[in-house]
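run38.csv (CSV, C-alpha atoms and all ligand atoms) appears below.
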```csv
chain,number,residue,atom,x,y,z
B,10,MET,CA,23.3,150.2,88.0
B,11,LYS,CA,24.5,147.0,86.2
B,12,ARG,CA,27.8,145.2,86.3
B,13,PHE,CA,30.6,146.6,84.1
B,14,ASP,CA,30.9,143.6,81.9
B,15,VAL,CA,34.6,143.0,81.5
B,16,TYR,CA,35.0,139.3,82.3
B,17,PRO,CA,34.0,136.4,80.0
B,18,LEU,CA,32.0,134.0,82.4
B,19,PHE,CA,31.4,130.3,82.7
B,20,ASN,CA,27.7,129.6,83.3
B,21,ILE,CA,28.4,128.2,86.8
B,22,GLU,CA,27.6,129.8,90.1
B,23,PRO,CA,29.6,128.3,93.0
B,24,VAL,CA,28.1,128.7,96.4
B,25,LYS,CA,30.3,126.6,98.6
B,26,GLY,CA,33.8,125.3,98.8
B,27,GLU,CA,35.5,122.6,100.8
B,28,GLY,CA,39.1,121.4,100.5
B,29,ALA,CA,39.8,120.9,96.8
B,30,TYR,CA,36.1,121.0,95.8
B,31,ILE,CA,33.5,123.7,95.1
B,32,TYR,CA,29.7,123.2,94.8
B,33,ASP,CA,27.3,125.1,92.6
B,34,GLN,CA,23.7,126.1,93.4
B,35,GLN,CA,22.3,122.7,92.3
B,36,GLY,CA,24.8,120.9,94.6
B,37,VAL,CA,27.0,119.8,91.7
B,38,LYS,CA,30.5,119.1,92.9
B,39,TYR,CA,33.6,120.4,91.0
B,40,LEU,CA,37.2,119.4,91.4
B,41,ASP,CA,39.1,122.7,91.6
B,42,PHE,CA,42.4,122.3,89.8
B,43,TYR,CA,42.8,126.1,89.2
B,44,SER,CA,42.1,127.6,92.7
B,45,GLY,CA,40.5,130.7,91.1
B,46,HIS,CA,43.7,131.8,89.4
B,47,GLY,CA,46.0,130.1,91.9
B,48,VAL,CA,44.6,131.8,95.0
B,49,ILE,CA,43.4,128.8,97.1
B,50,SER,CA,46.5,127.6,98.9
B,51,ILE,CA,45.4,125.7,102.0
B,52,GLY,CA,42.0,124.5,100.6
B,53,HIS,CA,38.6,126.1,100.4
B,54,ALA,CA,37.0,126.9,103.8
B,55,HIS,CA,39.8,125.4,105.9
B,56,PRO,CA,38.2,125.3,109.4
B,57,TYR,CA,41.3,126.9,111.2
B,58,TYR,CA,41.2,129.7,108.7
B,59,VAL,CA,37.5,130.2,109.0
B,60,GLU,CA,37.8,130.3,112.8
B,61,MET,CA,40.7,132.8,112.8
B,62,VAL,CA,39.1,135.2,110.3
B,63,SER,CA,35.6,134.9,111.9
B,64,GLN,CA,37.1,135.7,115.3
B,65,GLN,CA,39.0,138.7,114.0
B,66,LEU,CA,35.9,139.9,112.1
B,67,SER,CA,33.8,140.0,115.3
B,68,ARG,CA,36.7,141.6,117.3
B,69,LEU,CA,38.2,144.3,115.0
B,70,PRO,CA,38.3,143.9,111.2
B,71,PHE,CA,40.0,147.1,110.4
B,72,TYR,CA,41.9,150.1,111.6
B,73,SER,CA,44.3,152.3,109.7
B,74,ASN,CA,48.1,152.1,109.4
B,75,SER,CA,48.4,155.0,111.9
B,76,ILE,CA,48.1,152.8,115.0
B,77,ILE,CA,50.0,149.8,116.4
B,78,ASN,CA,48.8,146.6,114.7
B,79,PRO,CA,50.6,143.6,116.3
B,80,LEU,CA,49.0,141.3,113.7
B,81,GLN,CA,51.3,142.7,111.0
B,82,ASP,CA,54.4,141.9,113.2
B,83,GLN,CA,53.0,138.4,113.9
B,84,LEU,CA,52.5,137.8,110.1
B,85,ALA,CA,55.9,139.1,109.3
B,86,LYS,CA,57.6,136.9,111.9
B,87,ARG,CA,55.7,133.7,110.9
B,88,LEU,CA,56.3,134.4,107.2
B,89,GLY,CA,60.0,135.0,107.9
B,90,GLU,CA,60.1,131.6,109.7
B,91,VAL,CA,58.3,129.6,107.1
B,92,SER,CA,60.2,131.1,104.2
B,93,GLY,CA,63.6,131.1,105.9
B,94,LEU,CA,64.0,134.9,105.4
B,95,MET,CA,63.9,136.1,109.0
B,96,ASP,CA,66.0,139.2,108.3
B,97,TYR,CA,63.7,140.5,105.5
B,98,GLN,CA,61.1,143.2,106.2
B,99,LEU,CA,57.4,143.0,105.1
B,100,PHE,CA,55.4,145.7,103.5
B,101,LEU,CA,51.7,144.8,103.2
B,102,VAL,CA,49.3,145.6,100.3
B,103,ASN,CA,46.1,144.2,98.9
B,104,SER,CA,47.0,142.5,95.6
B,105,GLY,CA,49.8,141.2,93.3
B,106,ALA,CA,49.8,144.2,91.0
B,107,GLU,CA,50.0,146.5,94.0
B,108,ALA,CA,52.9,144.5,95.5
B,109,ASN,CA,54.9,144.8,92.2
B,110,GLU,CA,54.0,148.5,91.9
B,111,ALA,CA,55.4,149.0,95.5
B,112,ALA,CA,58.5,146.9,94.8
B,113,LEU,CA,59.3,149.0,91.7
B,114,LYS,CA,58.8,152.2,93.7
B,115,ILE,CA,61.1,150.9,96.4
B,116,ALA,CA,63.7,150.2,93.7
B,117,ALA,CA,63.3,153.7,92.3
B,118,GLY,CA,63.6,155.2,95.8
B,119,GLN,CA,66.6,153.1,96.6
B,120,THR,CA,68.6,153.8,93.4
B,121,GLY,CA,67.2,157.1,92.2
B,122,ARG,CA,67.2,155.6,88.7
B,123,ARG,CA,64.4,155.3,86.1
B,124,LYS,CA,64.9,152.3,84.0
B,125,ILE,CA,63.2,148.9,84.4
B,126,ILE,CA,64.1,145.6,82.7
B,127,SER,CA,61.4,143.0,82.4
B,128,LEU,CA,61.1,139.8,80.5
B,129,GLU,CA,59.3,138.7,77.3
B,130,ARG,CA,56.1,136.8,78.2
B,131,GLY,CA,56.2,138.2,81.7
B,132,PHE,CA,53.0,139.3,83.6
B,133,HIS,CA,53.0,141.5,86.7
B,134,GLY,CA,49.5,142.8,87.1
B,135,ARG,CA,47.1,145.4,85.8
B,136,THR,CA,48.1,148.7,87.5
B,137,ALA,CA,50.0,151.3,85.4
B,138,LEU,CA,53.6,150.3,86.0
B,139,ALA,CA,53.0,146.6,86.5
B,140,ILE,CA,51.1,146.3,83.2
B,141,ALA,CA,53.7,148.4,81.4
B,142,ALA,CA,56.3,145.9,82.6
B,143,SER,CA,54.2,143.0,81.4
B,144,ASP,CA,54.5,141.6,77.9
B,145,ASN,CA,50.7,141.5,77.2
B,146,PRO,CA,50.1,144.1,74.5
B,147,LYS,CA,46.4,143.2,74.5
B,148,TYR,CA,46.1,144.5,78.1
B,149,HIS,CA,47.9,147.7,77.4
B,150,THR,CA,46.2,151.1,76.9
B,151,SER,CA,47.6,154.3,75.3
B,152,MET,CA,49.2,155.1,78.7
B,153,ASN,CA,51.1,151.9,79.3
B,154,ASP,CA,53.9,151.9,76.6
B,155,LEU,CA,56.6,153.5,78.7
B,156,SER,CA,60.1,154.1,77.3
B,157,ILE,CA,61.6,153.4,80.8
B,158,ILE,CA,60.8,149.7,80.3
B,159,GLN,CA,63.0,147.4,78.3
B,160,ARG,CA,62.0,143.8,77.7
B,161,ILE,CA,64.4,141.0,77.0
B,162,PRO,CA,64.1,137.3,76.3
B,163,MET,CA,64.3,135.0,79.4
B,164,ASN,CA,67.3,132.7,79.8
B,165,ASP,CA,69.3,134.8,77.3
B,166,PHE,CA,72.5,135.6,79.2
B,167,GLU,CA,73.9,137.9,76.5
B,168,ALA,CA,70.7,140.0,76.3
B,169,ILE,CA,70.9,140.8,80.0
B,170,GLU,CA,74.6,141.6,79.9
B,171,LYS,CA,73.9,143.9,77.0
B,172,VAL,CA,71.2,146.0,78.6
B,173,LEU,CA,72.1,146.0,82.3
B,174,ASN,CA,74.0,149.1,83.4
B,175,GLU,CA,74.1,151.7,86.1
B,176,GLU,CA,71.0,153.5,84.8
B,177,VAL,CA,68.7,150.5,85.6
B,178,ALA,CA,66.7,150.7,88.8
B,179,ALA,CA,65.2,147.2,88.7
B,180,VAL,CA,65.0,143.9,86.9
B,181,ILE,CA,61.7,142.2,87.5
B,182,ILE,CA,61.1,138.5,86.8
B,183,GLU,CA,58.6,135.9,87.8
B,184,GLY,CA,59.8,132.9,89.9
B,185,ILE,CA,58.0,130.9,87.2
B,186,GLN,CA,56.1,132.6,84.4
B,187,GLY,CA,52.5,131.7,85.1
B,188,VAL,CA,50.0,133.6,82.9
B,189,ALA,CA,52.3,133.0,79.9
B,190,GLY,CA,51.9,129.2,80.2
B,191,ILE,CA,54.4,128.0,83.0
B,192,TYR,CA,57.9,128.9,81.8
B,193,GLU,CA,60.8,128.5,84.2
B,194,PRO,CA,63.9,130.7,84.4
B,195,GLU,CA,67.0,128.5,84.4
B,196,GLN,CA,68.7,128.4,87.8
B,197,GLU,CA,71.9,129.5,86.3
B,198,TYR,CA,70.1,132.5,84.7
B,199,LEU,CA,68.7,133.6,88.1
B,200,LYS,CA,72.2,133.3,89.6
B,201,ALA,CA,73.5,135.4,86.8
B,202,LEU,CA,70.8,138.0,87.3
B,203,SER,CA,71.6,138.1,91.0
B,204,ARG,CA,75.3,138.6,90.3
B,205,LEU,CA,74.9,141.1,87.6
B,206,THR,CA,72.3,143.2,89.3
B,207,LYS,CA,74.6,143.4,92.4
B,208,SER,CA,77.5,144.6,90.2
B,209,THR,CA,75.4,147.5,88.8
B,210,GLY,CA,73.5,148.3,92.1
B,211,THR,CA,70.2,147.4,90.4
B,212,MET,CA,67.4,145.9,92.5
B,213,LEU,CA,66.4,142.3,91.6
B,214,ILE,CA,62.6,141.9,92.0
B,215,LEU,CA,61.3,138.3,92.1
B,216,ASP,CA,57.6,138.3,91.4
B,217,GLU,CA,56.4,135.3,93.4
B,218,VAL,CA,52.7,136.4,93.2
B,219,GLN,CA,51.7,133.2,91.5
B,220,SER,CA,54.8,130.9,92.0
B,221,GLY,CA,55.2,131.7,95.7
B,222,TYR,CA,53.6,130.4,98.9
B,223,GLY,CA,54.5,126.8,98.3
B,224,ARG,CA,52.9,126.7,94.9
B,225,ALA,CA,56.1,125.5,93.1
B,226,GLY,CA,57.2,123.0,95.8
B,227,LYS,CA,59.4,125.4,97.7
B,228,PHE,CA,58.1,128.4,99.6
B,229,TYR,CA,59.3,130.6,96.8
B,230,ALA,CA,60.2,129.3,93.4
B,231,PHE,CA,63.5,131.2,93.2
B,232,GLU,CA,64.8,129.1,96.2
B,233,TYR,CA,65.7,126.3,93.6
B,234,SER,CA,68.5,128.7,92.5
B,235,GLY,CA,69.7,129.6,96.0
B,236,ILE,CA,69.7,133.4,95.2
B,237,LYS,CA,68.5,136.1,97.6
B,238,PRO,CA,66.6,138.8,95.7
B,239,ASP,CA,66.4,142.4,96.9
B,240,LEU,CA,62.6,142.4,96.7
B,241,ILE,CA,60.1,139.5,96.6
B,242,THR,CA,56.5,140.1,95.8
B,243,MET,CA,53.6,137.8,96.8
B,244,ALA,CA,49.8,137.8,96.9
B,245,LYS,CA,47.6,135.0,95.5
B,246,GLY,CA,48.1,132.1,98.0
B,247,MET,CA,48.9,134.5,100.8
B,248,GLY,CA,45.3,135.0,102.0
B,249,ASN,CA,43.6,131.8,100.6
B,250,GLY,CA,40.9,134.1,99.1
B,251,PHE,CA,41.2,137.1,101.4
B,252,PRO,CA,42.8,140.0,99.4
B,253,ILE,CA,46.3,140.5,100.7
B,254,GLY,CA,49.7,141.0,99.1
B,255,GLY,CA,53.1,141.8,100.3
B,256,VAL,CA,56.7,142.8,99.4
B,257,ALA,CA,59.5,141.1,101.3
B,258,VAL,CA,62.3,143.7,101.4
B,259,ALA,CA,66.0,142.6,101.9
B,260,PRO,CA,67.6,143.8,105.1
B,261,HIS,CA,70.0,146.2,103.3
B,262,ILE,CA,67.1,148.4,102.1
B,263,ALA,CA,65.9,151.1,104.5
B,264,PRO,CA,62.2,152.1,104.5
B,265,PRO,CA,61.8,155.2,102.2
B,266,ALA,CA,59.9,158.2,103.4
B,267,ASN,CA,56.6,159.2,101.9
B,268,ILE,CA,56.4,157.1,98.7
B,269,LEU,CA,54.6,154.1,100.1
B,270,GLY,CA,51.2,153.8,101.8
B,271,SER,CA,47.9,152.0,101.6
B,272,THR,CA,44.6,152.5,103.5
B,273,PHE,CA,43.7,148.9,103.5
B,274,GLY,CA,47.1,147.2,103.2
B,275,GLY,CA,47.9,145.1,106.3
B,276,ASN,CA,44.5,145.6,107.9
B,277,HIS,CA,43.5,143.4,110.8
B,278,LEU,CA,41.3,141.0,108.9
B,279,ALA,CA,43.8,140.5,106.1
B,280,CYS,CA,46.5,139.8,108.6
B,281,SER,CA,44.4,137.2,110.5
B,282,ALA,CA,43.8,135.5,107.1
B,283,GLY,CA,47.5,135.7,106.3
B,284,ILE,CA,48.6,134.3,109.7
B,285,ALA,CA,46.1,131.4,109.4
B,286,VAL,CA,47.4,130.5,106.0
B,287,VAL,CA,51.1,130.5,107.1
B,288,ASP,CA,50.1,128.4,110.2
B,289,VAL,CA,48.3,125.8,108.1
B,290,ILE,CA,51.1,125.7,105.5
B,291,LYS,CA,53.5,124.9,108.3
B,292,LYS,CA,51.3,122.5,110.3
B,293,GLU,CA,50.2,120.5,107.3
B,294,SER,CA,53.6,120.6,105.5
B,295,LEU,CA,51.9,121.9,102.4
B,296,VAL,CA,55.1,123.1,100.7
B,297,GLU,CA,56.4,119.5,100.9
B,298,ASN,CA,53.0,118.2,99.8
B,299,SER,CA,53.1,120.5,96.8
B,300,ALA,CA,56.5,119.1,95.8
B,301,LYS,CA,55.4,115.5,96.4
B,302,ILE,CA,51.9,115.5,94.7
B,303,GLY,CA,53.3,117.8,92.0
B,304,SER,CA,55.9,115.1,91.1
B,305,TYR,CA,53.3,112.4,91.2
B,306,LEU,CA,51.0,114.4,88.8
B,307,ILE,CA,53.9,115.2,86.4
B,308,ASN,CA,54.9,111.5,86.3
B,309,GLN,CA,51.3,110.5,85.5
B,310,LEU,CA,51.0,113.2,82.9
B,311,ARG,CA,54.2,112.0,81.2
B,312,GLU,CA,52.4,108.7,80.5
B,313,ILE,CA,49.8,110.4,78.3
B,314,GLU,CA,50.6,110.1,74.7
B,315,GLN,CA,48.9,113.3,73.4
B,316,VAL,CA,50.9,115.5,75.8
B,317,LYS,CA,53.6,117.4,73.9
B,318,GLU,CA,55.4,119.0,76.9
B,319,ILE,CA,55.0,119.3,80.6
B,320,ARG,CA,56.5,122.4,82.3
B,321,GLY,CA,56.6,123.5,85.9
B,322,LYS,CA,57.3,122.4,89.5
B,323,GLY,CA,55.2,121.4,92.5
B,324,LEU,CA,51.6,122.2,91.9
B,325,MET,CA,52.3,124.9,89.2
B,326,ILE,CA,52.1,122.8,86.0
B,327,GLY,CA,51.7,123.6,82.3
B,328,ILE,CA,50.5,120.8,80.0
B,329,GLU,CA,51.2,121.7,76.4
B,330,PHE,CA,49.5,119.9,73.4
B,331,ASP,CA,49.9,120.2,69.7
B,332,PHE,CA,46.5,122.0,69.4
B,333,PRO,CA,44.5,124.7,71.2
B,334,ILE,CA,43.2,123.4,74.6
B,335,ILE,CA,39.9,125.4,74.6
B,336,GLU,CA,37.8,122.3,73.9
B,337,ILE,CA,39.6,120.0,76.3
B,338,ARG,CA,39.2,122.6,79.0
B,339,ASN,CA,35.5,123.1,78.4
B,340,LYS,CA,34.9,119.4,78.4
B,341,LEU,CA,36.9,118.9,81.6
B,342,LEU,CA,34.6,121.5,83.2
B,343,MET,CA,31.2,120.7,81.7
B,344,GLU,CA,31.5,116.9,81.3
B,345,HIS,CA,33.8,116.0,84.2
B,346,GLN,CA,33.3,118.9,86.6
B,347,VAL,CA,37.0,119.8,86.8
B,348,PHE,CA,38.2,123.4,86.8
B,349,THR,CA,41.6,124.0,85.0
B,350,GLY,CA,43.2,127.2,83.8
B,351,ASN,CA,44.3,128.5,80.4
B,352,ALA,CA,47.4,130.6,79.5
B,353,THR,CA,48.5,133.1,76.9
B,354,GLN,CA,50.2,130.1,75.1
B,355,PRO,CA,46.9,128.8,73.6
B,356,ASN,CA,47.9,125.1,73.6
B,357,THR,CA,48.7,125.0,77.3
B,358,ILE,CA,46.5,124.0,80.2
B,359,ARG,CA,47.6,125.5,83.5
B,360,LEU,CA,47.1,123.6,86.7
B,361,LEU,CA,47.1,125.4,90.0
B,362,PRO,CA,45.2,123.2,92.4
B,363,PRO,CA,45.1,123.8,96.2
B,364,LEU,CA,48.4,122.8,97.8
B,365,SER,CA,46.5,120.4,100.1
B,366,ILE,CA,45.4,117.9,97.4
B,367,GLY,CA,46.4,114.2,97.7
B,368,GLU,CA,46.9,111.4,95.2
B,369,GLY,CA,43.1,110.8,95.1
B,370,GLU,CA,42.4,114.2,93.6
B,371,ALA,CA,45.4,113.9,91.3
B,372,ASN,CA,44.1,110.5,90.0
B,373,GLN,CA,40.6,112.0,89.5
B,374,PHE,CA,42.1,114.7,87.3
B,375,ILE,CA,44.2,112.3,85.3
B,376,LYS,CA,41.2,110.0,84.7
B,377,ALA,CA,39.1,112.9,83.5
B,378,LEU,CA,41.8,114.2,81.2
B,379,LYS,CA,42.5,110.8,79.7
B,380,HIS,CA,38.7,110.4,79.2
B,381,VAL,CA,38.5,113.7,77.3
B,382,LEU,CA,41.5,113.0,75.2
B,383,THR,CA,40.3,109.5,74.3
B,384,ALA,CA,36.9,110.8,73.4
B,385,GLN,CA,38.5,113.5,71.3
B,386,ASN,CA,40.7,111.0,69.4
B,387,GLU,CA,37.7,108.8,68.7
B,388,ALA,CA,35.8,111.8,67.3
B,389,VAL,CA,38.7,112.6,65.0
B,390,TYR,CA,38.9,109.0,63.9
B,391,ILE,CA,35.1,108.8,63.1
B,392,SER,CA,35.1,112.1,61.2
W,401,LIG,C1,53.1,136.7,88.4
W,401,LIG,C2,51.9,137.6,88.7
W,401,LIG,N1,52.2,138.9,89.1
W,401,LIG,C3,51.2,139.7,89.4
W,401,LIG,C4,49.9,139.4,89.2
W,401,LIG,C5,48.8,140.3,89.5
W,401,LIG,O1,48.1,140.0,90.7
W,401,LIG,P1,46.7,140.6,91.0
W,401,LIG,O2,45.7,140.2,90.1
W,401,LIG,O3,46.5,140.2,92.5
W,401,LIG,O4,46.9,142.1,91.0
W,401,LIG,C6,49.6,138.1,88.7
W,401,LIG,C7,48.2,137.7,88.5
W,401,LIG,O5,47.9,136.7,87.8
W,401,LIG,C8,50.6,137.2,88.5
W,401,LIG,O6,50.4,136.0,88.0
```

Starting from the file, lay out its structure as structure tokens.
Amino acid sequence: MKRFDVYPLFNIEPVKGEGAYIYDQQGVKYLDFYSGHGVISIGHAHPYYVEMVSQQLSRLPFYSNSIINPLQDQLAKRLGEVSGLMDYQLFLVNSGAEANEAALKIAAGQTGRRKIISLERGFHGRTALAIAASDNPKYHTSMNDLSIIQRIPMNDFEAIEKVLNEEVAAVIIEGIQGVAGIYEPEQEYLKALSRLTKSTGTMLILDEVQSGYGRAGKFYAFEYSGIKPDLITMAKGMGNGFPIGGVAVAPHIAPPANILGSTFGGNHLACSAGIAVVDVIKKESLVENSAKIGSYLINQLREIEQVKEIRGKGLMIGIEFDFPIIEIRNKLLMEHQVFTGNATQPNTIRLLPPLSIGEGEANQFIKALKHVLTAQNEAVYIS
């Protein structure tokens, strides 16, 4: 059998990670400013995390959800503490798409309604309902164009008032739109969504799969607006590379019978990874670090002439230029050994470094970016 070849690949084979760096087979060191799509939160191979997961692996990596697993309760308790949402309930899954799928099901179960409102440019994952709610026609198949989904522009107050009514089960919105190219909902817009969904009995789902877990300088990006969503989905940073996702469910929602379940969701190994991550986030003040180093980076980026716009918060940053970034990104990787991300918006570089970086790593990135941009300018001048 051979690999089902669906991913475009860089010709790099990382074999080791440490903090904000990864190393390839030849021992070449790369600065990781993308964290493998925003997954590495506490840093590669954090010793406390390695120890916790290794111990659990040798003790009991898995048993099903039909037995008592105190690790799920420990994770829920610590997540509640670190996020300030002690009264929420935690349903555990294995990925971001699955978390959104579960949240939408909970909304359907809670309301008995069929309609979903999602946002233009939004991305919620690749499973059937999650991708149908996403505004990425390229990722859709013949089965994903569902009439129950209505997409509206973000930050358009009139649009939401026009479409929201008592037939809508859920409004789903990212804390900050990531895949699209780092676009933020206005705080007033989130407040309006919260107020309006309450008035129609609609569930407000905040997709914090990418923007959560300290990524945006608060534990969840929606915290900037002070709202309390009905359902919050999370995944990427939650396991620092171990597959785990979750839905935080508001206290007024009772667990539905039958419609939710997962063989692997909340398994012992995943929970040990999740607990280690939360412990490190708290102990090393990584949410605060994300806010602090994020501001530092944004200020440095503002000094760069060729940058057209900087978007984002904390360590979730979009840098937009007047031209497509494909060449800059390749040069950063191949000539300066710096991983960065792209976005649907072709002129935007997406930065999602580990939350543990310091000014040293930020300076290394800025230096590499300036170098690439200067070389590019000179090339244009010569030609
Ligand atoms: C906001 C958001 N939601 C959901 C997903 C899907 O997560 P996963 O790939 O873990 O299914 C992603 C992935 O990029 C995402 O950015």

*Give the answer as one residue: which of B:Ser203, B:Ser271, B:Gln219, B:Gln346 has the shortest atom-to-atom distance to Val37 of chain B, using only C-alpha atoms?*
B:Gln346

*Nearest to ligand LIG 401 (chain W) among B:Met212, B:Leu128, B:Met152, B:Val188, with distances taken over all atoms listed in the file: which residue is it?*
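Of all the options, B:Val188 lies closest to ligand LIG 401 (chain W).
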
_Pick from B:Thr209, B:Arg87, B:His261, B:Glu197 nearest to Glu170 of chain B, counting all atoms listed in the file_ =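 For Glu170 of chain B, the nearest of the given residues is B:Thr209.
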
Residues of chain B that approach ligand LIG 401 (chain W) to 10 Å or less, counting all atoms listed in the file: could you list each one with the shortest pair of atoms and its distance in Å to one decimal, rows by chain and increasing residue number, as JSON lines?
```
{"residue": "B:His46", "atom": "CA", "partner": "W:LIG401", "partner_atom": "O5", "distance": 6.6}
{"residue": "B:Gly47", "atom": "CA", "partner": "W:LIG401", "partner_atom": "O5", "distance": 8.0}
{"residue": "B:Val48", "atom": "CA", "partner": "W:LIG401", "partner_atom": "O3", "distance": 9.0}
{"residue": "B:Val102", "atom": "CA", "partner": "W:LIG401", "partner_atom": "O3", "distance": 9.9}
{"residue": "B:Asn103", "atom": "CA", "partner": "W:LIG401", "partner_atom": "O3", "distance": 7.6}
{"residue": "B:Ser104", "atom": "CA", "partner": "W:LIG401", "partner_atom": "O3", "distance": 3.9}
{"residue": "B:Gly105", "atom": "CA", "partner": "W:LIG401", "partner_atom": "O1", "distance": 3.3}
{"residue": "B:Ala106", "atom": "CA", "partner": "W:LIG401", "partner_atom": "O4", "distance": 3.6}
{"residue": "B:Glu107", "atom": "CA", "partner": "W:LIG401", "partner_atom": "O4", "distance": 6.2}
{"residue": "B:Ala108", "atom": "CA", "partner": "W:LIG401", "partner_atom": "O4", "distance": 7.9}
{"residue": "B:Asn109", "atom": "CA", "partner": "W:LIG401", "partner_atom": "C3", "distance": 6.9}
{"residue": "B:Glu110", "atom": "CA", "partner": "W:LIG401", "partner_atom": "C3", "distance": 9.6}
{"residue": "B:Gly131", "atom": "CA", "partner": "W:LIG401", "partner_atom": "C1", "distance": 7.5}
{"residue": "B:Phe132", "atom": "CA", "partner": "W:LIG401", "partner_atom": "C1", "distance": 5.5}
{"residue": "B:His133", "atom": "CA", "partner": "W:LIG401", "partner_atom": "N1", "distance": 3.6}
{"residue": "B:Gly134", "atom": "CA", "partner": "W:LIG401", "partner_atom": "C5", "distance": 3.5}
{"residue": "B:Arg135", "atom": "CA", "partner": "W:LIG401", "partner_atom": "O4", "distance": 6.2}
{"residue": "B:Thr136", "atom": "CA", "partner": "W:LIG401", "partner_atom": "O4", "distance": 7.6}
{"residue": "B:Ala139", "atom": "CA", "partner": "W:LIG401", "partner_atom": "C3", "distance": 7.7}
{"residue": "B:Ile140", "atom": "CA", "partner": "W:LIG401", "partner_atom": "C5", "distance": 9.0}
{"residue": "B:Ser143", "atom": "CA", "partner": "W:LIG401", "partner_atom": "N1", "distance": 8.9}
{"residue": "B:Ile182", "atom": "CA", "partner": "W:LIG401", "partner_atom": "C1", "distance": 8.4}
{"residue": "B:Glu183", "atom": "CA", "partner": "W:LIG401", "partner_atom": "C1", "distance": 5.6}
{"residue": "B:Gly184", "atom": "CA", "partner": "W:LIG401", "partner_atom": "C1", "distance": 7.8}
{"residue": "B:Ile185", "atom": "CA", "partner": "W:LIG401", "partner_atom": "C1", "distance": 7.7}
{"residue": "B:Gln186", "atom": "CA", "partner": "W:LIG401", "partner_atom": "C1", "distance": 6.5}
{"residue": "B:Gly187", "atom": "CA", "partner": "W:LIG401", "partner_atom": "O6", "distance": 5.6}
{"residue": "B:Val188", "atom": "CA", "partner": "W:LIG401", "partner_atom": "O6", "distance": 5.7}
{"residue": "B:Ala189", "atom": "CA", "partner": "W:LIG401", "partner_atom": "O6", "distance": 8.8}
{"residue": "B:Leu215", "atom": "CA", "partner": "W:LIG401", "partner_atom": "C1", "distance": 9.1}
{"residue": "B:Asp216", "atom": "CA", "partner": "W:LIG401", "partner_atom": "C1", "distance": 5.6}
{"residue": "B:Glu217", "atom": "CA", "partner": "W:LIG401", "partner_atom": "C1", "distance": 6.2}
{"residue": "B:Val218", "atom": "CA", "partner": "W:LIG401", "partner_atom": "C2", "distance": 4.7}
{"residue": "B:Gln219", "atom": "CA", "partner": "W:LIG401", "partner_atom": "O6", "distance": 4.7}
{"residue": "B:Ser220", "atom": "CA", "partner": "W:LIG401", "partner_atom": "C1", "distance": 7.0}
{"residue": "B:Gly221", "atom": "CA", "partner": "W:LIG401", "partner_atom": "C1", "distance": 9.1}
{"residue": "B:Thr242", "atom": "CA", "partner": "W:LIG401", "partner_atom": "N1", "distance": 8.1}
{"residue": "B:Met243", "atom": "CA", "partner": "W:LIG401", "partner_atom": "N1", "distance": 7.9}
{"residue": "B:Ala244", "atom": "CA", "partner": "W:LIG401", "partner_atom": "O3", "distance": 6.0}
{"residue": "B:Lys245", "atom": "CA", "partner": "W:LIG401", "partner_atom": "O3", "distance": 6.1}
{"residue": "B:Gly246", "atom": "CA", "partner": "W:LIG401", "partner_atom": "O3", "distance": 9.9}
{"residue": "B:Pro252", "atom": "CA", "partner": "W:LIG401", "partner_atom": "O3", "distance": 7.8}
{"residue": "B:Ile253", "atom": "CA", "partner": "W:LIG401", "partner_atom": "O3", "distance": 8.2}
{"residue": "B:Gly254", "atom": "CA", "partner": "W:LIG401", "partner_atom": "O3", "distance": 7.4}
```

*Which one is closest to Lys237 of chain B: B:Pro362, B:Pro146, B:Gly350, B:Gly93? Count all atoms listed in the file.*
B:Gly93

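If all atoms listed in the file are the atoms counted, then among B:Thr206, B:Asn145, B:Thr150, B:Gln81 the closest residue to Ala116 of chain B is B:Thr206.
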
_Shell of 10 Å around Leu88 of chain B, only C-alpha atoms, local chain residues under 2 positions omitted, as a VMD selection string_ = chain B and resid 82 to 86 90 to 95 97 99 222 228 247 257 283 to 284 286 to 288 291

*Nearest-residue call for Gly45 of chain B, choices B:Glu344, B:Ile313, B:Ile76, B:Ile31, using only C-alpha atoms*: B:Ile31

*Counting only C-alpha atoms, write as a PyMOL selection string all protein and nucleic acid residues lying at most 10 Å from (34.5, 117.8, 84.3) in the file's frame.*
chain B and resi 38-41+337-349+373-374+377-378+380-381

*What's the 9 Å shell around segment 10-22 of chain B, counting all atoms listed in the file, without same-chain residues fewer than 5 positions away, as a ChimeraX atom specification?*
/B:32-34

*Name the residues in contact with segment 264-266 of chain B at a cut-off of 12 Å, using only C-alpha atoms, excluding same-chain residues fewer than 3 positions from it; report them as a PyMOL selection string.*
chain B and resi 97-100+111-112+114-121+256-261+269-270

*Write out as a list in words each polymer residue whose atoms come within 7 Å of Ile334 of chain B, counting all atoms listed in the file; drop sequence neighbours fewer than 6 positions from it.*
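Answer for this query is Pro355, Asn356, Thr357 and Ile358 of chain B.
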
*Asp331 of chain B surroundings by all atoms listed in the file, 8 Å radius, close-in-sequence under 3 positions cut, as a PyMOL selection string*: chain B and resi 315-317+356

With C-alpha atoms kept, could you save the residues just selected as a compact mmCIF listing (two decimals), keeping the file's coordinate frame?
```txt
# COMPACT_ATOMS: atom_id res chain seq x y z
CA GLN B 315 48.90 113.30 73.40
CA VAL B 316 50.90 115.50 75.80
CA LYS B 317 53.60 117.40 73.90
CA ASN B 356 47.90 125.10 73.60
```

*For the atom pair atom CA of Ser365 of chain B and atom CA of Leu306 of chain B, what is the interatomic distance in Å to one decimal place?*
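Calculated distance between atom CA of Ser365 of chain B and atom CA of Leu306 of chain B is 13.6 Å.
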
How close does each residue of segment 211-302 of chain B get to segment 55-69 of chain B, giving the shortest atom pair and distance in Å to one decimal for every residue with an atom at most 8 Å away, counting all atoms listed in the file, sorted by chain and residue number, as a Markdown table?
```
| residue | atom | partner | partner_atom | distance |
| --- | --- | --- | --- | --- |
| B:His277 | CA | B:Leu69 | CA | 6.8 |
| B:Leu278 | CA | B:Gln65 | CA | 6.0 |
| B:Ser281 | CA | B:Val62 | CA | 5.7 |
| B:Ala282 | CA | B:Val62 | CA | 5.7 |
| B:Ala285 | CA | B:Tyr58 | CA | 5.2 |
| B:Val286 | CA | B:Tyr58 | CA | 6.8 |
| B:Val289 | CA | B:Tyr57 | CA | 7.7 |
```
